[in-house]
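Trainee: Got my_file36.pdb for you, PDB, C-alpha atoms:
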ATOM      1  CA  MET A   1      16.669  12.718 150.485
ATOM      2  CA  SER A   2      17.188  12.870 154.218
ATOM      3  CA  THR A   3      20.828  11.871 154.693
ATOM      4  CA  GLY A   4      24.070  13.678 153.740
ATOM      5  CA  PRO A   5      25.350  14.731 150.369
ATOM      6  CA  GLY A   6      25.812  11.262 148.839
ATOM      7  CA  LEU A   7      23.367   9.201 146.843
ATOM      8  CA  GLU A   8      22.719   6.497 149.485
ATOM      9  CA  SER A   9      19.178   7.753 150.114
ATOM     10  CA  LEU A  10      18.320   7.082 146.452
ATOM     11  CA  VAL A  11      19.456   3.448 146.273
ATOM     12  CA  ASP A  12      16.700   1.126 144.973
ATOM     13  CA  GLN A  13      14.678   4.158 143.944
ATOM     14  CA  GLN A  14      13.680   5.333 140.491
ATOM     15  CA  ILE A  15      16.059   8.091 139.396
ATOM     16  CA  SER A  16      16.401  10.333 136.374
ATOM     17  CA  VAL A  17      19.941  11.017 135.202
ATOM     18  CA  ILE A  18      20.891  13.877 132.903
ATOM     19  CA  THR A  19      24.212  13.251 131.209
ATOM     20  CA  ASN A  20      26.746  15.785 129.995
ATOM     21  CA  ASP A  21      25.768  15.086 126.376
ATOM     22  CA  GLY A  22      22.170  16.026 127.198
ATOM     23  CA  ARG A  23      20.589  12.591 127.412
ATOM     24  CA  ASN A  24      17.972  11.649 130.007
ATOM     25  CA  ILE A  25      18.177   8.108 131.372
ATOM     26  CA  VAL A  26      15.625   6.823 133.885
ATOM     27  CA  GLY A  27      16.129   3.683 135.970
ATOM     28  CA  VAL A  28      16.555   2.160 139.406
ATOM     29  CA  LEU A  29      19.750   3.164 141.240
ATOM     30  CA  LYS A  30      21.625   0.019 142.277
ATOM     31  CA  GLY A  31      24.993   1.447 143.207
ATOM     32  CA  PHE A  32      27.347   4.410 143.091
ATOM     33  CA  ASP A  33      30.782   5.533 144.289
ATOM     34  CA  GLN A  34      32.667   8.717 145.252
ATOM     35  CA  ALA A  35      33.232   9.608 141.589
ATOM     36  CA  THR A  36      29.446   9.481 140.978
ATOM     37  CA  ASN A  37      29.821   6.397 138.773
ATOM     38  CA  ILE A  38      26.339   4.909 138.778
ATOM     39  CA  ILE A  39      24.746   1.498 138.245
ATOM     40  CA  LEU A  40      21.223   1.711 136.876
ATOM     41  CA  ASP A  41      18.871  -1.244 136.529
ATOM     42  CA  GLU A  42      15.799  -1.523 134.271
ATOM     43  CA  SER A  43      16.837   1.708 132.633
ATOM     44  CA  HIS A  44      15.436   3.464 129.608
ATOM     45  CA  GLU A  45      16.334   6.624 127.755
ATOM     46  CA  ARG A  46      13.747   9.359 127.201
ATOM     47  CA  VAL A  47      14.409  11.018 123.889
ATOM     48  CA  TYR A  48      12.975  14.526 123.545
ATOM     49  CA  SER A  49      12.218  16.121 120.213
ATOM     50  CA  THR A  50      10.078  18.927 118.845
ATOM     51  CA  LYS A  51       8.664  16.785 116.031
ATOM     52  CA  GLU A  52       7.023  14.058 118.106
ATOM     53  CA  GLY A  53       6.320  13.067 121.708
ATOM     54  CA  VAL A  54       8.969  11.601 124.004
ATOM     55  CA  GLN A  55      10.346   8.277 122.747
ATOM     56  CA  GLN A  56      11.400   5.711 125.343
ATOM     57  CA  LEU A  57      14.292   3.417 124.436
ATOM     58  CA  VAL A  58      14.860   0.364 126.609
ATOM     59  CA  LEU A  59      18.497   0.118 127.770
ATOM     60  CA  GLY A  60      18.412  -2.426 130.620
ATOM     61  CA  LEU A  61      21.332  -2.600 133.054
ATOM     62  CA  TYR A  62      23.645   0.364 132.614
ATOM     63  CA  ILE A  63      26.771   1.770 134.199
ATOM     64  CA  ILE A  64      27.280   5.502 133.677
ATOM     65  CA  ARG A  65      30.703   6.976 134.324
ATOM     66  CA  GLY A  66      30.598   9.842 136.822
ATOM     67  CA  ASP A  67      32.531  12.202 134.534
ATOM     68  CA  ASN A  68      29.566  12.129 132.189
ATOM     69  CA  ILE A  69      26.831  12.865 134.765
ATOM     70  CA  SER A  70      25.228  16.275 135.295
ATOM     71  CA  ILE A  71      22.161  15.641 137.448
ATOM     72  CA  VAL A  72      20.729  12.742 139.413
ATOM     73  CA  GLY A  73      17.086  13.428 140.203
ATOM     74  CA  GLU A  74      14.767  11.472 142.481
ATOM     75  CA  VAL A  75      11.699  10.566 140.405
ATOM     76  CA  ASP A  76       8.427  11.347 142.161
ATOM     77  CA  GLU A  77       6.426   8.303 140.997
ATOM     78  CA  GLU A  78       3.083  10.091 141.275
ATOM     79  CA  LEU A  79       4.201  13.122 139.281
ATOM     80  CA  ASP A  80       5.817  10.799 136.758
ATOM     81  CA  ALA A  81       2.626   8.739 136.352
ATOM     82  CA  HIS A  82       0.723  11.916 135.486
ATOM     83  CA  LEU A  83       3.173  12.981 132.764
ATOM     84  CA  ASP A  84       1.753  12.704 129.274
ATOM     85  CA  LEU A  85       5.036  11.833 127.592
ATOM     86  CA  SER A  86       3.489  11.105 124.207
ATOM     87  CA  ASN A  87       2.366  14.737 123.971
ATOM     88  CA  LEU A  88       5.457  16.315 125.526
ATOM     89  CA  ARG A  89       7.627  18.124 123.004
ATOM     90  CA  ALA A  90      10.886  19.902 123.676
ATOM     91  CA  HIS A  91      14.314  20.463 122.251
ATOM     92  CA  PRO A  92      16.855  17.957 123.531
ATOM     93  CA  LEU A  93      19.005  19.409 126.334
ATOM     94  CA  LYS A  94      22.215  21.059 125.271
ATOM     95  CA  PRO A  95      25.480  19.310 126.077
ATOM     96  CA  VAL A  96      27.586  20.604 128.956
ATOM     97  CA  ILE A  97      30.401  22.883 127.816
ATOM     98  CA  HIS A  98      33.187  23.096 130.384
TER      99      HIS A  98
ATOM    100  CA  MET B   1      37.792  24.163 151.906
ATOM    101  CA  LEU B   2      36.620  27.734 152.357
ATOM    102  CA  PHE B   3      33.793  27.569 149.866
ATOM    103  CA  PHE B   4      32.795  24.140 151.143
ATOM    104  CA  SER B   5      32.310  25.713 154.598
ATOM    105  CA  TYR B   6      30.647  28.699 153.029
ATOM    106  CA  PHE B   7      28.058  26.576 151.230
ATOM    107  CA  LYS B   8      27.466  24.492 154.355
ATOM    108  CA  ASP B   9      26.356  27.702 156.079
ATOM    109  CA  LEU B  10      23.821  28.248 153.296
ATOM    110  CA  VAL B  11      22.045  24.912 153.908
ATOM    111  CA  GLY B  12      18.317  25.482 154.194
ATOM    112  CA  ARG B  13      18.378  28.611 152.037
ATOM    113  CA  GLU B  14      16.752  29.000 148.645
ATOM    114  CA  VAL B  15      19.314  29.089 145.793
ATOM    115  CA  THR B  16      19.336  28.914 142.008
ATOM    116  CA  VAL B  17      21.984  26.711 140.438
ATOM    117  CA  GLU B  18      22.853  27.430 136.831
ATOM    118  CA  LEU B  19      24.491  24.535 135.008
ATOM    119  CA  LYS B  20      26.961  24.453 132.158
ATOM    120  CA  ASN B  21      24.185  23.203 129.870
ATOM    121  CA  ASP B  22      22.240  26.471 130.528
ATOM    122  CA  LEU B  23      19.659  24.710 132.700
ATOM    123  CA  ALA B  24      18.825  26.695 135.856
ATOM    124  CA  ILE B  25      17.331  24.897 138.844
ATOM    125  CA  ARG B  26      15.889  26.612 141.895
ATOM    126  CA  GLY B  27      15.449  24.843 145.210
ATOM    127  CA  THR B  28      16.304  24.648 148.887
ATOM    128  CA  LEU B  29      19.945  23.789 149.532
ATOM    129  CA  HIS B  30      19.906  20.417 151.327
ATOM    130  CA  SER B  31      23.598  19.573 151.442
ATOM    131  CA  VAL B  32      26.965  20.055 149.834
ATOM    132  CA  ASP B  33      30.123  17.920 149.873
ATOM    133  CA  GLN B  34      33.887  18.363 149.367
ATOM    134  CA  TYR B  35      33.506  18.295 145.552
ATOM    135  CA  LEU B  36      30.834  21.013 145.828
ATOM    136  CA  ASN B  37      28.255  18.522 144.616
ATOM    137  CA  ILE B  38      24.922  20.036 145.595
ATOM    138  CA  LYS B  39      21.660  18.475 146.715
ATOM    139  CA  LEU B  40      18.502  20.539 146.293
ATOM    140  CA  GLU B  41      14.998  19.938 147.606
ATOM    141  CA  ASN B  42      11.654  21.178 146.274
ATOM    142  CA  THR B  43      13.321  21.879 142.953
ATOM    143  CA  ARG B  44      11.835  23.523 139.925
ATOM    144  CA  VAL B  45      13.491  24.303 136.645
ATOM    145  CA  VAL B  46      13.490  28.056 136.030
ATOM    146  CA  ASP B  47      12.184  27.849 132.437
ATOM    147  CA  GLN B  48       9.915  24.810 132.660
ATOM    148  CA  ASP B  49       8.266  25.322 129.281
ATOM    149  CA  LYS B  50      11.605  25.230 127.514
ATOM    150  CA  TYR B  51      13.033  22.481 129.735
ATOM    151  CA  PRO B  52      10.316  19.960 130.690
ATOM    152  CA  HIS B  53      12.947  17.244 131.187
ATOM    153  CA  MET B  54      12.721  17.258 134.977
ATOM    154  CA  LEU B  55       8.981  17.661 135.537
ATOM    155  CA  SER B  56       8.775  14.602 137.794
ATOM    156  CA  VAL B  57      11.849  15.489 139.866
ATOM    157  CA  ARG B  58      11.447  17.332 143.181
ATOM    158  CA  ASN B  59      14.780  16.462 144.816
ATOM    159  CA  CYS B  60      18.047  16.293 142.956
ATOM    160  CA  PHE B  61      21.786  15.843 143.172
ATOM    161  CA  ILE B  62      23.857  18.148 140.972
ATOM    162  CA  ARG B  63      27.438  17.183 140.208
ATOM    163  CA  GLY B  64      29.805  19.966 141.250
ATOM    164  CA  SER B  65      31.715  19.762 137.973
ATOM    165  CA  VAL B  66      28.718  20.980 135.919
ATOM    166  CA  VAL B  67      27.814  24.002 138.058
ATOM    167  CA  ARG B  68      28.397  27.350 136.357
ATOM    168  CA  TYR B  69      26.852  29.705 138.933
ATOM    169  CA  VAL B  70      25.063  29.495 142.257
ATOM    170  CA  GLN B  71      22.715  32.433 142.730
ATOM    171  CA  LEU B  72      22.428  33.229 146.445
ATOM    172  CA  PRO B  73      19.795  35.005 148.491
ATOM    173  CA  PRO B  74      20.709  38.720 148.767
ATOM    174  CA  ASP B  75      21.548  38.429 152.469
ATOM    175  CA  GLY B  76      23.356  35.101 151.950
ATOM    176  CA  VAL B  77      26.808  36.612 151.794
ATOM    177  CA  ASP B  78      28.671  38.766 154.267
ATOM    178  CA  VAL B  79      31.161  40.327 151.838
ATOM    179  CA  ASP B  80      33.549  41.654 154.508
ATOM    180  CA  LEU B  81      33.664  38.330 156.301
ATOM    181  CA  LEU B  82      34.265  36.434 153.041
ATOM    182  CA  HIS B  83      36.979  38.909 152.028
ATOM    183  CA  ASP B  84      38.820  38.348 155.293
ATOM    184  CA  ALA B  85      38.453  34.583 155.028
ATOM    185  CA  THR B  86      39.735  34.407 151.437
ATOM    186  CA  ARG B  87      42.740  36.591 152.325
ATOM    187  CA  ARG B  88      43.484  34.461 155.341
ATOM    188  CA  GLU B  89      43.333  31.309 153.199
ATOM    189  CA  ALA B  90      45.535  32.905 150.520
ATOM    190  CA  ARG B  91      48.153  33.570 153.211
ATOM    191  CA  GLY B  92      48.040  29.867 154.034
ATOM    192  CA  GLY B  93      45.709  29.598 156.971
TER     193      GLY B  93
END
Can you give me the file's structure in the form of structure tokens?
Mentor:
Amino acid sequence: MSTGPGLESLVDQQISVITNDGRNIVGVLKGFDQATNIILDESHERVYSTKEGVQQLVLGLYIIRGDNISIVGEVDEELDAHLDLSNLRAHPLKPVIH
Amino acid sequence: MLFFSYFKDLVGREVTVELKNDLAIRGTLHSVDQYLNIKLENTRVVDQDKYPHMLSVRNCFIRGSVVRYVQLPPDGVDVDLLHDATRREARGG
């Protein structure tokens, strides 16, 4: 993340998006605009629950409207590879309340 | 514009951003833009056991619209200076 405040430094990288309704979608950033609308390729959703490990749902090519985005995180591939998702349990994130 | 300039002066400092979904993220302020979108580096979630959703994220972009609070370093604000600046802006420049 060397350049200015935009998302250009993350294009073609694996990113993790947290949406306002508390979902976590991971994929490759293909495009974005000033309103933080985002195009994600090869995306999947990571569903957190306290009953079982993290479930991964394949979504494919996705466009997420900027209004609905909370966080765009750069995925550190090495840290991500060491995550044991099948044994990770947590409550789903709460939705954003404006 | 005032708070945009204010946050630009805080670049490089350690801040904690609390979001409207109760998540709190601590990191070094990398940049800020006109919408008060914030980029943080070397981030960690304050309660990682409760919120393990960002364990593989070290740099992140936070949309300005979901920020509830930004917790600043104690010496990060000159109250008198900010008072003067806000009054000046309220008078219209």
Trainee: Give me, please, the distance in Å between atom CA of A:Gly31 and atom CA of B:Leu29, quoted to one decimal.
Mentor: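 Those two atoms sit 23.8 Å apart.
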Trainee: Would you translate the PyMOL selection byres ((chain A and resi 84-94) around 7) into the concrete set of residues it matches in this file, as a list in words?
Mentor: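 So the PyMOL selection byres ((chain A and resi 84-94) around 7), applied here, picks out Gly22, Tyr48, Ser49, Thr50, Glu52, Gly53, Val54, His82, Leu83, Pro95 and Val96 of chain A; Asn21, Lys50 and Tyr51 of chain B.
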Trainee: Against chain A, which residues of chain B fall within 10 Å? For each one I want the closest pair of atoms and the distance in Å (one decimal), counting only C-alpha atoms, rows by chain and increasing residue number, as a tab-separated table.
Mentor:
residue	atom	partner	partner_atom	distance
B:Leu19	CA	A:Val96	CA	7.9
B:Lys20	CA	A:Val96	CA	5.0
B:Asn21	CA	A:Val96	CA	4.4
B:Asp22	CA	A:Lys94	CA	7.5
B:Leu23	CA	A:Leu93	CA	8.3
B:His30	CA	A:Pro5	CA	7.9
B:Ser31	CA	A:Pro5	CA	5.3
B:Val32	CA	A:Pro5	CA	5.6
B:Asp33	CA	A:Pro5	CA	5.8
B:Gln34	CA	A:Pro5	CA	9.3
B:Tyr35	CA	A:Ala35	CA	9.6
B:Leu36	CA	A:Pro5	CA	9.5
B:Asn37	CA	A:Pro5	CA	7.5
B:Ile38	CA	A:Pro5	CA	7.1
B:Lys39	CA	A:Pro5	CA	6.4
B:Leu40	CA	A:Met1	CA	9.1
B:Glu41	CA	A:Met1	CA	8.0
B:Thr43	CA	A:Gly73	CA	9.7
B:Asp49	CA	A:Ala90	CA	8.2
B:Lys50	CA	A:Ala90	CA	6.6
B:Tyr51	CA	A:Ala90	CA	6.9
B:Pro52	CA	A:Ala90	CA	7.0
B:His53	CA	A:Asn24	CA	7.6
B:Met54	CA	A:Gly73	CA	7.8
B:Leu55	CA	A:Leu79	CA	7.6
B:Ser56	CA	A:Asp80	CA	4.9
B:Val57	CA	A:Val75	CA	5.0
B:Arg58	CA	A:Glu74	CA	6.8
B:Asn59	CA	A:Glu74	CA	5.5
B:Cys60	CA	A:Gly73	CA	4.1
B:Phe61	CA	A:Val72	CA	5.0
B:Ile62	CA	A:Ile71	CA	4.6
B:Arg63	CA	A:Ser70	CA	5.5
B:Gly64	CA	A:Ser70	CA	8.4
B:Ser65	CA	A:Ser70	CA	7.8
B:Val66	CA	A:Ser70	CA	5.9
B:Val67	CA	A:Ser70	CA	8.6
B:Arg68	CA	A:His98	CA	8.8
Trainee: For stretch 75-80 of chain B, please output as a PyMOL selection string all residues within 12 Å (counting all atoms listed in the file; exclusion window: fewer than 2 positions along the same chain).
Mentor: chain B and resi 3+6-15+70-73+82-87
Trainee: (17.7, 0.7, 139.1) in this file's frame - what residues fall within 7 Å of it? Use only C-alpha atoms and give the answer as a list in words.
Mentor: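 Neighbouring residues, ordered by chain and number, come to Asp12, Gln13, Gln14, Gly27, Val28, Leu29, Lys30, Leu40, Asp41, Glu42 and Ser43 of chain A.
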Trainee: Tell me, in Å to one decimal, how far atom CA of B:Leu2 is from atom CA of B:Glu89.
Mentor: 7.7 Å
Trainee: Atom CA of B:Met1 to atom CA of A:Asn37: how many Å, to one decimal?
Mentor: 23.5 Å
